[in-house]
Structure formats: structure tokens, C-alpha cells
>>> print(open('data_26.pdb').read())   # PDB, C-alpha atoms
ATOM      1  CA  MET A   1      -2.599  23.187   2.905
ATOM      2  CA  LYS A   2      -0.015  25.123   1.028
ATOM      3  CA  ARG A   3       1.948  23.852  -1.922
ATOM      4  CA  ILE A   4       5.310  22.169  -1.436
ATOM      5  CA  CYS A   5       7.938  22.833  -4.081
ATOM      6  CA  TYR A   6      11.096  20.892  -4.876
ATOM      7  CA  SER A   7      13.981  21.392  -7.289
ATOM      8  CA  PRO A   8      15.348  18.319  -9.092
ATOM      9  CA  ILE A   9      18.716  17.049  -7.861
ATOM     10  CA  GLY A  10      19.471  15.279 -11.125
ATOM     11  CA  VAL A  11      18.135  13.559 -14.201
ATOM     12  CA  VAL A  12      17.664   9.995 -15.463
ATOM     13  CA  HIS A  13      19.370   8.751 -18.617
ATOM     14  CA  SER A  14      17.787   5.663 -20.122
ATOM     15  CA  GLU A  15      17.059   4.056 -23.470
ATOM     16  CA  PHE A  16      13.313   4.548 -22.958
ATOM     17  CA  LYS A  17      12.335   7.657 -24.895
ATOM     18  CA  GLU A  18       8.542   7.233 -24.896
ATOM     19  CA  LYS A  19       5.826   6.123 -22.497
ATOM     20  CA  ILE A  20       5.135   2.920 -24.395
ATOM     21  CA  ASN A  21       7.166  -0.332 -24.136
ATOM     22  CA  VAL A  22       8.840   0.593 -20.856
ATOM     23  CA  PRO A  23       9.161  -2.078 -18.132
ATOM     24  CA  ILE A  24       6.327  -1.354 -15.736
ATOM     25  CA  GLN A  25       8.469  -2.117 -12.675
ATOM     26  CA  SER A  26      12.177  -2.413 -12.021
ATOM     27  CA  VAL A  27      11.852  -6.161 -11.320
ATOM     28  CA  PHE A  28      10.687  -6.599 -14.931
ATOM     29  CA  SER A  29      13.665  -4.729 -16.415
ATOM     30  CA  SER A  30      17.001  -6.115 -17.579
ATOM     31  CA  LYS A  31      18.129  -2.678 -18.775
ATOM     32  CA  LYS A  32      20.767  -0.355 -17.392
ATOM     33  CA  GLY A  33      20.755   3.388 -17.083
ATOM     34  CA  ILE A  34      22.527   6.323 -15.477
ATOM     35  CA  ILE A  35      21.312   8.637 -12.739
ATOM     36  CA  GLU A  36      23.145  11.943 -13.221
ATOM     37  CA  ILE A  37      23.295  14.075 -10.092
ATOM     38  CA  PHE A  38      23.832  17.805 -10.538
ATOM     39  CA  PRO A  39      27.344  18.859  -9.408
ATOM     40  CA  GLU A  40      26.174  20.855  -6.391
ATOM     41  CA  PHE A  41      24.757  17.688  -4.772
ATOM     42  CA  VAL A  42      27.619  15.236  -5.449
ATOM     43  CA  GLU A  43      28.942  15.343  -1.880
ATOM     44  CA  GLY A  44      25.647  13.785  -0.802
ATOM     45  CA  LEU A  45      26.546  10.576  -2.686
ATOM     46  CA  ASN A  46      29.356   9.719  -0.238
ATOM     47  CA  ASP A  47      29.019   6.232   1.290
ATOM     48  CA  LEU A  48      26.290   5.209  -1.151
ATOM     49  CA  ASP A  49      28.693   2.842  -2.925
ATOM     50  CA  GLY A  50      28.447   0.419   0.016
ATOM     51  CA  PHE A  51      24.825  -0.325  -0.837
ATOM     52  CA  SER A  52      23.515  -2.636  -3.538
ATOM     53  CA  HIS A  53      20.177  -0.874  -4.127
ATOM     54  CA  ILE A  54      18.549   2.551  -3.916
ATOM     55  CA  PHE A  55      15.069   3.933  -3.732
ATOM     56  CA  LEU A  56      14.861   6.534  -6.478
ATOM     57  CA  LEU A  57      12.130   9.158  -6.152
ATOM     58  CA  TYR A  58      11.342  11.080  -9.317
ATOM     59  CA  HIS A  59       8.702  13.153 -11.060
ATOM     60  CA  PHE A  60       6.524  11.517 -13.749
ATOM     61  CA  HIS A  61       7.233  14.464 -16.041
ATOM     62  CA  LEU A  62       5.299  13.102 -19.034
ATOM     63  CA  SER A  63       2.156  12.215 -17.079
ATOM     64  CA  LYS A  64      -0.868  14.262 -18.083
ATOM     65  CA  GLY A  65      -3.769  15.022 -15.777
ATOM     66  CA  ILE A  66      -4.987  13.292 -12.641
ATOM     67  CA  SER A  67      -7.262  10.250 -12.375
ATOM     68  CA  LEU A  68      -8.412   8.908  -9.023
ATOM     69  CA  LYS A  69      -9.393   5.637 -10.713
ATOM     70  CA  VAL A  70      -7.250   3.980 -13.389
ATOM     71  CA  LYS A  71      -6.963   0.666 -15.180
ATOM     72  CA  PRO A  72      -3.405  -0.233 -14.206
ATOM     73  CA  TYR A  73      -1.112  -2.186 -16.553
ATOM     74  CA  LEU A  74      -1.663  -5.516 -14.826
ATOM     75  CA  ASP A  75      -5.451  -5.290 -14.769
ATOM     76  CA  ASP A  76      -8.525  -4.447 -16.827
ATOM     77  CA  VAL A  77     -10.554  -3.261 -13.865
ATOM     78  CA  GLU A  78     -10.548   0.306 -12.570
ATOM     79  CA  ARG A  79      -8.653   0.614  -9.308
ATOM     80  CA  GLY A  80      -8.201   3.485  -6.877
ATOM     81  CA  ILE A  81      -5.003   5.302  -7.872
ATOM     82  CA  PHE A  82      -3.468   4.844  -4.388
ATOM     83  CA  SER A  83      -3.795   1.054  -4.750
ATOM     84  CA  THR A  84      -1.693   1.229  -7.943
ATOM     85  CA  ARG A  85       1.756   2.379  -8.982
ATOM     86  CA  ALA A  86       0.384   4.076 -12.112
ATOM     87  CA  PRO A  87       1.013   7.680 -13.197
ATOM     88  CA  LYS A  88      -1.812  10.283 -13.222
ATOM     89  CA  ARG A  89      -1.418  10.557  -9.454
ATOM     90  CA  PRO A  90      -2.511  13.716  -7.626
ATOM     91  CA  ASN A  91       1.204  14.219  -6.861
ATOM     92  CA  ASN A  92       3.073  12.546  -9.684
ATOM     93  CA  ILE A  93       5.952  11.035  -7.723
ATOM     94  CA  GLY A  94       7.471   7.791  -8.987
ATOM     95  CA  LEU A  95       9.356   5.269  -6.836
ATOM     96  CA  SER A  96      11.772   2.633  -8.171
ATOM     97  CA  ILE A  97      14.172   0.296  -6.425
ATOM     98  CA  LEU A  98      17.260   0.154  -8.643
ATOM     99  CA  GLY A  99      20.501  -1.827  -8.425
ATOM    100  CA  ILE A 100      23.764   0.096  -8.074
ATOM    101  CA  GLU A 101      26.377  -1.133 -10.552
ATOM    102  CA  LYS A 102      28.969   1.556  -9.794
ATOM    103  CA  ILE A 103      29.227   5.230  -8.893
ATOM    104  CA  GLU A 104      31.652   7.511 -10.753
ATOM    105  CA  GLY A 105      31.715  11.186  -9.854
ATOM    106  CA  ASN A 106      28.188  12.480 -10.274
ATOM    107  CA  LYS A 107      26.888   9.391 -12.088
ATOM    108  CA  ILE A 108      25.197   6.351 -10.565
ATOM    109  CA  PHE A 109      25.196   3.453 -13.028
ATOM    110  CA  VAL A 110      22.067   1.442 -12.271
ATOM    111  CA  SER A 111      20.439  -1.823 -13.287
ATOM    112  CA  GLY A 112      16.762  -2.654 -13.568
ATOM    113  CA  ILE A 113      15.784   0.721 -14.953
ATOM    114  CA  ASP A 114      12.071   1.288 -15.577
ATOM    115  CA  ILE A 115      12.159   5.067 -16.017
ATOM    116  CA  ILE A 116      11.876   7.282 -19.094
ATOM    117  CA  ASP A 117      14.860   9.299 -20.318
ATOM    118  CA  ASN A 118      15.132  12.847 -18.950
ATOM    119  CA  THR A 119      12.969  12.155 -15.898
ATOM    120  CA  PRO A 120      13.758  14.673 -13.112
ATOM    121  CA  VAL A 121      15.170  13.066  -9.947
ATOM    122  CA  LEU A 122      13.835  14.244  -6.578
ATOM    123  CA  ASP A 123      15.644  12.083  -4.019
ATOM    124  CA  ILE A 124      17.813   9.023  -3.471
ATOM    125  CA  LYS A 125      17.629   6.839  -0.374
ATOM    126  CA  PRO A 126      19.522   3.655   0.424
ATOM    127  CA  TYR A 127      17.476   0.446   0.325
ATOM    128  CA  VAL A 128      18.079  -1.261   3.678
ATOM    129  CA  SER A 129      16.705  -4.774   3.956
ATOM    130  CA  ASP A 130      16.418  -4.485   7.751
ATOM    131  CA  PHE A 131      14.055  -1.533   7.243
ATOM    132  CA  ASP A 132      12.311  -2.263   3.986
ATOM    133  CA  TYR A 133      11.238  -5.879   3.859
ATOM    134  CA  ARG A 134       7.814  -6.958   5.081
ATOM    135  CA  GLN A 135       7.313 -10.700   5.356
ATOM    136  CA  ASN A 136       3.945 -12.154   4.413
ATOM    137  CA  ALA A 137       2.714  -8.907   2.862
ATOM    138  CA  LYS A 138      -0.789  -9.103   1.378
ATOM    139  CA  ASN A 139      -0.596  -7.856  -2.193
ATOM    140  CA  GLY A 140      -4.262  -6.990  -2.826
ATOM    141  CA  TRP A 141      -5.393  -7.004  -6.451
ATOM    142  CA  PHE A 142      -1.829  -7.711  -7.623
ATOM    143  CA  SER A 143      -2.091 -11.250  -6.188
ATOM    144  CA  ASN A 144      -1.814 -13.872  -8.933
ATOM    145  CA  LYS A 145      -1.423 -11.195 -11.630
ATOM    146  CA  ILE A 146       2.298 -11.780 -12.111
ATOM    147  CA  ASP A 147       3.068 -14.886 -14.132
ATOM    148  CA  ARG A 148       5.996 -13.904 -16.318
ATOM    149  CA  LYS A 149       9.318 -12.064 -16.097
ATOM    150  CA  GLU A 150       8.652  -9.114 -18.367
ATOM    151  CA  TYR A 151       5.821  -6.633 -18.512
ATOM    152  CA  LEU A 152       6.026  -3.535 -20.686
ATOM    153  CA  SER A 153       3.796  -0.475 -20.704
ATOM    154  CA  ASP A 154       1.106  -0.252 -23.370
ATOM    155  CA  ASN A 155      -0.819   2.777 -24.629
ATOM    156  CA  ARG A 156      -3.138   3.275 -21.682
ATOM    157  CA  PHE A 157      -1.447   6.314 -20.153
ATOM    158  CA  LEU A 158      -0.395   8.108 -23.326
ATOM    159  CA  ASP A 159      -2.910  10.951 -22.956
TER     160      ASP A 159
ATOM    161  CA  MET B   1      15.608  22.540 -14.144
ATOM    162  CA  LYS B   2      12.397  24.142 -13.051
ATOM    163  CA  ARG B   3      10.760  23.639  -9.700
ATOM    164  CA  ILE B   4       8.149  20.933  -9.196
ATOM    165  CA  CYS B   5       5.257  21.744  -6.875
ATOM    166  CA  TYR B   6       2.856  19.413  -5.132
ATOM    167  CA  SER B   7      -0.201  19.909  -2.933
ATOM    168  CA  PRO B   8      -0.634  17.597   0.061
ATOM    169  CA  ILE B   9      -3.334  14.927  -0.303
ATOM    170  CA  GLY B  10      -3.708  14.506   3.451
ATOM    171  CA  VAL B  11      -2.118  14.738   6.858
ATOM    172  CA  VAL B  12      -0.629  12.368   9.441
ATOM    173  CA  HIS B  13      -2.070  12.074  12.932
ATOM    174  CA  SER B  14       0.311  10.556  15.472
ATOM    175  CA  GLU B  15       1.269  10.801  19.113
ATOM    176  CA  PHE B  16       4.684  12.197  18.188
ATOM    177  CA  LYS B  17       4.495  15.963  18.583
ATOM    178  CA  GLU B  18       8.210  16.817  18.494
ATOM    179  CA  LYS B  19      11.308  15.744  16.588
ATOM    180  CA  ILE B  20      12.848  14.006  19.591
ATOM    181  CA  ASN B  21      11.977  10.490  20.821
ATOM    182  CA  VAL B  22      10.334   9.388  17.574
ATOM    183  CA  PRO B  23      11.070   5.876  16.234
ATOM    184  CA  ILE B  24      13.691   6.412  13.545
ATOM    185  CA  GLN B  25      12.122   3.818  11.224
ATOM    186  CA  SER B  26       8.761   2.111  11.021
ATOM    187  CA  VAL B  27      10.310  -1.271  11.916
ATOM    188  CA  PHE B  28      11.293   0.220  15.286
ATOM    189  CA  SER B  29       7.787   1.475  16.078
ATOM    190  CA  SER B  30       4.986  -0.294  17.935
ATOM    191  CA  LYS B  31       2.737   2.771  17.692
ATOM    192  CA  LYS B  32      -0.393   3.341  15.660
ATOM    193  CA  GLY B  33      -1.558   6.429  13.831
ATOM    194  CA  ILE B  34      -4.064   7.695  11.302
ATOM    195  CA  ILE B  35      -3.467   8.932   7.787
ATOM    196  CA  GLU B  36      -6.275  11.357   6.999
ATOM    197  CA  ILE B  37      -6.881  11.847   3.280
ATOM    198  CA  PHE B  38      -8.598  15.042   2.183
ATOM    199  CA  PRO B  39     -12.171  14.351   0.985
ATOM    200  CA  GLU B  40     -11.500  15.193  -2.670
ATOM    201  CA  PHE B  41      -9.040  12.268  -2.934
ATOM    202  CA  VAL B  42     -11.008   9.553  -1.106
ATOM    203  CA  GLU B  43     -12.048   7.756  -4.318
ATOM    204  CA  GLY B  44      -8.354   7.027  -4.889
ATOM    205  CA  LEU B  45      -8.311   4.783  -1.786
ATOM    206  CA  ASN B  46     -10.525   2.144  -3.450
ATOM    207  CA  ASP B  47      -8.980  -1.353  -3.434
ATOM    208  CA  LEU B  48      -6.245  -0.353  -0.986
ATOM    209  CA  ASP B  49      -7.887  -2.418   1.766
ATOM    210  CA  GLY B  50      -6.668  -5.626   0.079
ATOM    211  CA  PHE B  51      -3.070  -4.743   0.914
ATOM    212  CA  SER B  52      -1.294  -5.188   4.227
ATOM    213  CA  HIS B  53       1.259  -2.371   3.798
ATOM    214  CA  ILE B  54       1.721   0.980   2.081
ATOM    215  CA  PHE B  55       4.585   3.204   1.088
ATOM    216  CA  LEU B  56       3.759   6.609   2.499
ATOM    217  CA  LEU B  57       5.529   9.591   0.930
ATOM    218  CA  TYR B  58       5.438  12.785   2.948
ATOM    219  CA  HIS B  59       7.145  16.123   3.501
ATOM    220  CA  PHE B  60       9.531  16.531   6.459
ATOM    221  CA  HIS B  61       7.770  19.755   7.391
ATOM    222  CA  LEU B  62       9.819  20.449  10.536
ATOM    223  CA  SER B  63      13.199  19.892   8.893
ATOM    224  CA  LYS B  64      15.339  23.024   8.749
ATOM    225  CA  GLY B  65      17.989  23.640   6.124
ATOM    226  CA  ILE B  66      19.922  21.254   3.910
ATOM    227  CA  SER B  67      23.061  19.269   4.771
ATOM    228  CA  LEU B  68      24.808  17.112   2.175
ATOM    229  CA  LYS B  69      26.655  15.332   4.999
ATOM    230  CA  VAL B  70      24.969  14.334   8.249
ATOM    231  CA  LYS B  71      25.646  12.156  11.276
ATOM    232  CA  PRO B  72      22.637   9.845  11.021
ATOM    233  CA  TYR B  73      20.934   8.422  14.112
ATOM    234  CA  LEU B  74      22.635   5.041  13.875
ATOM    235  CA  ASP B  75      26.153   6.416  13.455
ATOM    236  CA  ASP B  76      28.650   8.967  14.775
ATOM    237  CA  VAL B  77      30.387   9.407  11.439
ATOM    238  CA  GLU B  78      29.322  11.917   8.793
ATOM    239  CA  ARG B  79      27.673  10.238   5.831
ATOM    240  CA  GLY B  80      26.485  11.529   2.478
ATOM    241  CA  ILE B  81      22.820  12.472   2.861
ATOM    242  CA  PHE B  82      21.765  10.162  -0.001
ATOM    243  CA  SER B  83      23.254   7.174   1.861
ATOM    244  CA  THR B  84      20.986   7.974   4.838
ATOM    245  CA  ARG B  85      17.282   8.275   5.562
ATOM    246  CA  ALA B  86      17.813  11.448   7.604
ATOM    247  CA  PRO B  87      15.992  14.775   7.157
ATOM    248  CA  LYS B  88      17.837  17.925   5.919
ATOM    249  CA  ARG B  89      17.641  16.472   2.400
ATOM    250  CA  PRO B  90      17.799  18.772  -0.643
ATOM    251  CA  ASN B  91      14.192  17.700  -1.276
ATOM    252  CA  ASN B  92      12.752  16.836   2.097
ATOM    253  CA  ILE B  93      10.662  13.811   1.143
ATOM    254  CA  GLY B  94      10.161  11.072   3.731
ATOM    255  CA  LEU B  95       9.338   7.429   2.947
ATOM    256  CA  SER B  96       7.798   4.973   5.424
ATOM    257  CA  ILE B  97       6.401   1.485   4.974
ATOM    258  CA  LEU B  98       3.366   1.285   7.260
ATOM    259  CA  GLY B  99       0.957  -1.513   8.116
ATOM    260  CA  ILE B 100      -2.711  -1.068   7.231
ATOM    261  CA  GLU B 101      -4.979  -1.941  10.166
ATOM    262  CA  LYS B 102      -8.226  -0.781   8.548
ATOM    263  CA  ILE B 103      -9.584   1.908   6.255
ATOM    264  CA  GLU B 104     -12.735   3.849   7.181
ATOM    265  CA  GLY B 105     -13.889   6.580   4.842
ATOM    266  CA  ASN B 106     -11.011   8.997   4.454
ATOM    267  CA  LYS B 107      -8.922   7.528   7.278
ATOM    268  CA  ILE B 108      -6.260   4.839   7.018
ATOM    269  CA  PHE B 109      -5.497   3.381  10.444
ATOM    270  CA  VAL B 110      -1.837   2.347  10.362
ATOM    271  CA  SER B 111       0.661   0.516  12.514
ATOM    272  CA  GLY B 112       4.385   1.089  12.856
ATOM    273  CA  ILE B 113       4.139   4.847  12.645
ATOM    274  CA  ASP B 114       7.431   6.774  12.728
ATOM    275  CA  ILE B 115       6.106  10.146  11.582
ATOM    276  CA  ILE B 116       5.457  13.387  13.442
ATOM    277  CA  ASP B 117       1.906  14.663  13.943
ATOM    278  CA  ASN B 118       0.622  17.046  11.253
ATOM    279  CA  THR B 119       3.087  15.895   8.602
ATOM    280  CA  PRO B 120       1.727  16.638   5.097
ATOM    281  CA  VAL B 121       1.141  13.523   2.986
ATOM    282  CA  LEU B 122       2.261  13.562  -0.649
ATOM    283  CA  ASP B 123       1.420  10.095  -1.963
ATOM    284  CA  ILE B 124       0.381   6.557  -1.043
ATOM    285  CA  LYS B 125       1.469   3.478  -2.977
ATOM    286  CA  PRO B 126       0.771  -0.182  -2.247
ATOM    287  CA  TYR B 127       3.723  -2.223  -0.987
ATOM    288  CA  VAL B 128       3.927  -5.246  -3.296
ATOM    289  CA  SER B 129       6.357  -7.921  -2.201
ATOM    290  CA  ASP B 130       6.815  -9.146  -5.788
ATOM    291  CA  PHE B 131       8.080  -5.666  -6.704
ATOM    292  CA  ASP B 132       9.717  -4.390  -3.563
ATOM    293  CA  TYR B 133      11.874  -7.077  -2.030
ATOM    294  CA  ARG B 134      15.540  -7.412  -2.927
ATOM    295  CA  GLN B 135      17.208 -10.557  -1.675
ATOM    296  CA  ASN B 136      20.787 -10.336  -0.459
ATOM    297  CA  ALA B 137      20.839  -6.541  -0.488
ATOM    298  CA  LYS B 138      24.098  -4.962   0.684
ATOM    299  CA  ASN B 139      23.259  -2.493   3.427
ATOM    300  CA  GLY B 140      26.414  -0.338   3.380
ATOM    301  CA  TRP B 141      27.234   1.514   6.609
ATOM    302  CA  PHE B 142      24.001   0.240   8.235
ATOM    303  CA  SER B 143      25.470  -3.284   8.367
ATOM    304  CA  ASN B 144      25.840  -4.479  11.956
ATOM    305  CA  LYS B 145      24.438  -1.209  13.332
ATOM    306  CA  ILE B 146      21.080  -2.687  14.271
ATOM    307  CA  ASP B 147      21.171  -4.761  17.443
ATOM    308  CA  ARG B 148      17.944  -3.935  19.242
ATOM    309  CA  LYS B 149      14.253  -3.528  18.509
ATOM    310  CA  GLU B 150      13.775   0.128  19.300
ATOM    311  CA  TYR B 151      15.661   3.224  18.199
ATOM    312  CA  LEU B 152      14.321   6.698  18.930
ATOM    313  CA  SER B 153      15.452  10.022  17.523
ATOM    314  CA  ASP B 154      17.742  12.170  19.670
ATOM    315  CA  ASN B 155      18.504  15.873  19.425
ATOM    316  CA  ARG B 156      20.747  15.836  16.378
ATOM    317  CA  PHE B 157      18.289  17.263  13.852
ATOM    318  CA  LEU B 158      16.497  19.758  16.084
ATOM    319  CA  ASP B 159      17.996  22.835  14.378
TER     320      ASP B 159
END
>>> encode(input="data_26.pdb", output="C-alpha cells")
Amino acid sequence: MKRICYSPIGVVHSEFKEKINVPIQSVFSSKKGIIEIFPEFVEGLNDLDGFSHIFLLYHFHLSKGISLKVKPYLDDVERGIFSTRAPKRPNNIGLSILGIEKIEGNKIFVSGIDIIDNTPVLDIKPYVSDFDYRQNAKNGWFSNKIDRKEYLSDNRFLD
Amino acid sequence: MKRICYSPIGVVHSEFKEKINVPIQSVFSSKKGIIEIFPEFVEGLNDLDGFSHIFLLYHFHLSKGISLKVKPYLDDVERGIFSTRAPKRPNNIGLSILGIEKIEGNKIFVSGIDIIDNTPVLDIKPYVSDFDYRQNAKNGWFSNKIDRKEYLSDNRFLD
């Protein structure tokens, strides 16, 4: 199948400048950040201020190479990449659910940021609880792995 | 910013052959489908069978053109594209949460399919309720729009 190409619609601003010591998921982050949307796309932000959360899709721009099996941050066992949220994916797309604090012009001020500074933004979608909640989901190898409120990235995906 | 290019990792098989009369979200679909992963990526599916749901990221391959304001299926008012889940996005990435029925070789048998046949697949991530549920989310213009169990696409995004 032929390649599919996208152009970023914006860029992430955050205090995380390196791949290490970044919250590994938004739910483990108490930090705020800014999603800057390029001026030509600002009209697309209309009506977003009525929502409390967004799905942000972005490109893991610092990820190097592809691994079909990885040891994800919450485990010491190799797992299939599609059963993890790790980088080194065949298509390096990241997904975060972020809180909207406010929107001013082309800037979305967000909470719960778990994304590295300067990450290119691909898309924004509203989080809609009627669409996006699955009761009684089975969480596979993640089950019983989460026993505290903060998890930060270590050095396992530096290279 | 420079363009970002991806190569599909697989393809969707579903009974929906056209853009019309497709469930507009997975929660409105009682239909099943198959996500076929290309053989070179099958190792990445390891451990996914422990999960009940996936995020599927895919390319809206039949979408034509870009609109920063659209009348989404559940409304008759123009909304900013980033406050909707409609196609015609600047980067035409679709996101569905699908149920896993079973995985056999390179095929994921899924429930709740809301995707057109032959759609290119970009990525698969496990849905993890500890990560992906936001209590008390504010659902913006979607609030009070959903009053039945089935919504199908009409002709508004045919061209």
C-alpha cells in the first residue's frame, strides 16, 4: 500500500525537553502545557471550548527505529508493540487525552501533559464520554501494574 | 514543518462499502469486521489478546478535501472541525475504539465496527481503562444530542 503523508497542524510546548523523566501517560501528569495551532487552522478550533478533554494525536519525533517487541515502562517482559503505548511503533503516532484549561486564539492551554516539547501535532478530536468509555474493559498485561500516581519514563527508549 | 509519512500496517475488512449508511461511531454499531495486519507486523500483535478493546488509528481514504468548519452528523450547525469527529480533517486520521472478539494469526476479529471496507490501518493501541477514562467529561455541543442507539452516516460528506 502506498505511503500516507501528513503535515503538522501545530506544535506542543511543554517543560519536558528530553525523553527521560516524562510522565508515561497523561493520567500520571500534574503538568500543564500549550498546544499551539498554526494560524491557518485556527478556525477549526471553534466550539472546542465547550469540551473538557481532547484526544491529541502527534508524531513521536524523537523516536528512533522500529521494534515489534518492546519492554514497556510498566513491565520487564517483552510485549508486542501493539499491546503497548510505547514509541518505536511502525507508524510513530502518539495519543494523549488532555484536559482543556482554556483556549486563546491559536493556543490550547492543557493539563495532564505527557508530551515532549516541540512534538508535531497531527490532529485534535473532542473526547466524548458517550463515545469513548468502555465499561468493564479488560486491561491485559497492564492489570495490577498501576499502584501509584506517578510514573516517569526511564532510559529504555533513548536509542 | 516538514511532512510526516507513514505506511499502512494493515487494512480493514467490513460490510460497509460506501460512505453512506455507516454507523457514525463504534458505540452505534452492532456489526463485526476484521482488521488484517500485514505479515511483517504480526509479531507486534503479541499480548494483545489479553485486552478487550483497542484504539484503531486509520486513514479516511475516501475523504475528499479539507473543511475547517463542517456540519457534523449529529448537528445542523457548522462546527470547527477539531470539535468534531468528522472526516475532511487537515490530517485525515480516524480513531475508533473497537471490541476484540478474537485474534487468529494476522487477523483481529472486532466488534462495533464503524469503518469502511479497505480503509488503511495506521496503528493499534490497547484501550486501558486506567489511562483512558475521564470522569465527568464535558461533552460540548454533543451534549443532549444522543437519544437513540443507532446513528448512520447520511450524504453530507460524499463529496
>>> closest_atom_pairs(input="data_26.pdb", of="chain A", to="chain B", cutoff="7 Å", atoms="only C-alpha atoms", output="tab-separated table")
residue	atom	partner	partner_atom	distance
A:Met1	CA	B:Pro8	CA	6.6
A:Lys2	CA	B:Ser7	CA	6.6
A:Arg3	CA	B:Ser7	CA	4.6
A:Ile4	CA	B:Tyr6	CA	5.2
A:Cys5	CA	B:Cys5	CA	4.0
A:Tyr6	CA	B:Ile4	CA	5.2
A:Ser7	CA	B:Arg3	CA	4.6
A:Pro8	CA	B:Met1	CA	6.6
A:Gln25	CA	B:Phe131	CA	7.0
A:Val27	CA	B:Phe131	CA	6.0
A:Phe41	CA	B:Leu68	CA	7.0
A:Glu43	CA	B:Leu68	CA	6.1
A:Gly44	CA	B:Gly80	CA	4.1
A:Leu45	CA	B:Gly80	CA	5.3
A:Asn46	CA	B:Gly80	CA	4.3
A:Asp47	CA	B:Ser83	CA	5.9
A:Leu48	CA	B:Ser83	CA	4.7
A:Gly50	CA	B:Gly140	CA	4.0
A:Phe51	CA	B:Gly140	CA	4.5
A:Ser52	CA	B:Lys138	CA	4.9
A:His53	CA	B:Ala137	CA	6.8
A:Leu68	CA	B:Gly44	CA	4.5
A:Lys69	CA	B:Gly44	CA	6.1
A:Arg79	CA	B:Asp47	CA	6.2
A:Gly80	CA	B:Gly44	CA	4.1
A:Ile81	CA	B:Gly44	CA	4.8
A:Phe82	CA	B:Lys125	CA	5.3
A:Ser83	CA	B:Leu48	CA	4.7
A:Thr84	CA	B:Lys125	CA	6.3
A:Arg85	CA	B:Lys125	CA	6.1
A:Asn91	CA	B:Tyr6	CA	5.7
A:Leu122	CA	B:Asn91	CA	6.3
A:Asp123	CA	B:Asn91	CA	6.4
A:Ile124	CA	B:Phe82	CA	5.4
A:Lys125	CA	B:Phe82	CA	5.3
A:Pro126	CA	B:Ser83	CA	5.3
A:Val128	CA	B:Asn139	CA	5.3
A:Ser129	CA	B:Ala137	CA	6.3
A:Phe131	CA	B:Val27	CA	6.0
A:Tyr133	CA	B:Tyr133	CA	6.0
A:Ala137	CA	B:Ser52	CA	5.6
A:Lys138	CA	B:Ser52	CA	4.9
A:Asn139	CA	B:Phe51	CA	5.0
A:Gly140	CA	B:Gly50	CA	4.0
A:Trp141	CA	B:Gly50	CA	6.8
>>> resolve_selection(input="data_26.pdb", expression="the PyMOL selection byres ((chain B and resi 109) around 12)", output="PyMOL selection string")
chain B and resi 12-14+31-37+49+52-54+98-108+110-113
>>> residues_near_point(input="data_26.pdb", point="(25.2, 3.8, 10.7)", cutoff="8 Å", atoms="only C-alpha atoms", output="ChimeraX atom specification")
/B:72-77,141-143,145
>>> atom_distance(input="data_26.pdb", atom1="CA of Tyr151 (chain A)", atom2="CA of Ser29 (chain A)")
8.3 Å
>>> axis_aligned_box(input="data_26.pdb", around="region 15-29 of chain A", padding_each_side="5 Å", output="JSON")
{"center_x": 11.1, "center_y": 0.5, "center_z": -18.1, "size_x": 21.9, "size_y": 24.3, "size_z": 23.6}
>>> atom_distance(input="data_26.pdb", atom1="CA of Phe60 (chain B)", atom2="CA of Asp147 (chain B)")
26.6 Å
>>> residues_near_point(input="data_26.pdb", point="(4.8, 12.9, 17.1)", cutoff="10 Å", atoms="all atoms listed in the file", output="list in words")
Val12, His13, Ser14, Glu15, Phe16, Lys17, Glu18, Lys19, Ile20, Asn21, Val22, Pro23, Gly33, Ile113, Asp114, Ile115, Ile116, Asp117, Asn118 and Thr119 of chain B
>>> atom_distance(input="data_26.pdb", atom1="CA of Ser63 (chain B)", atom2="CA of Leu56 (chain A)")
20.4 Å
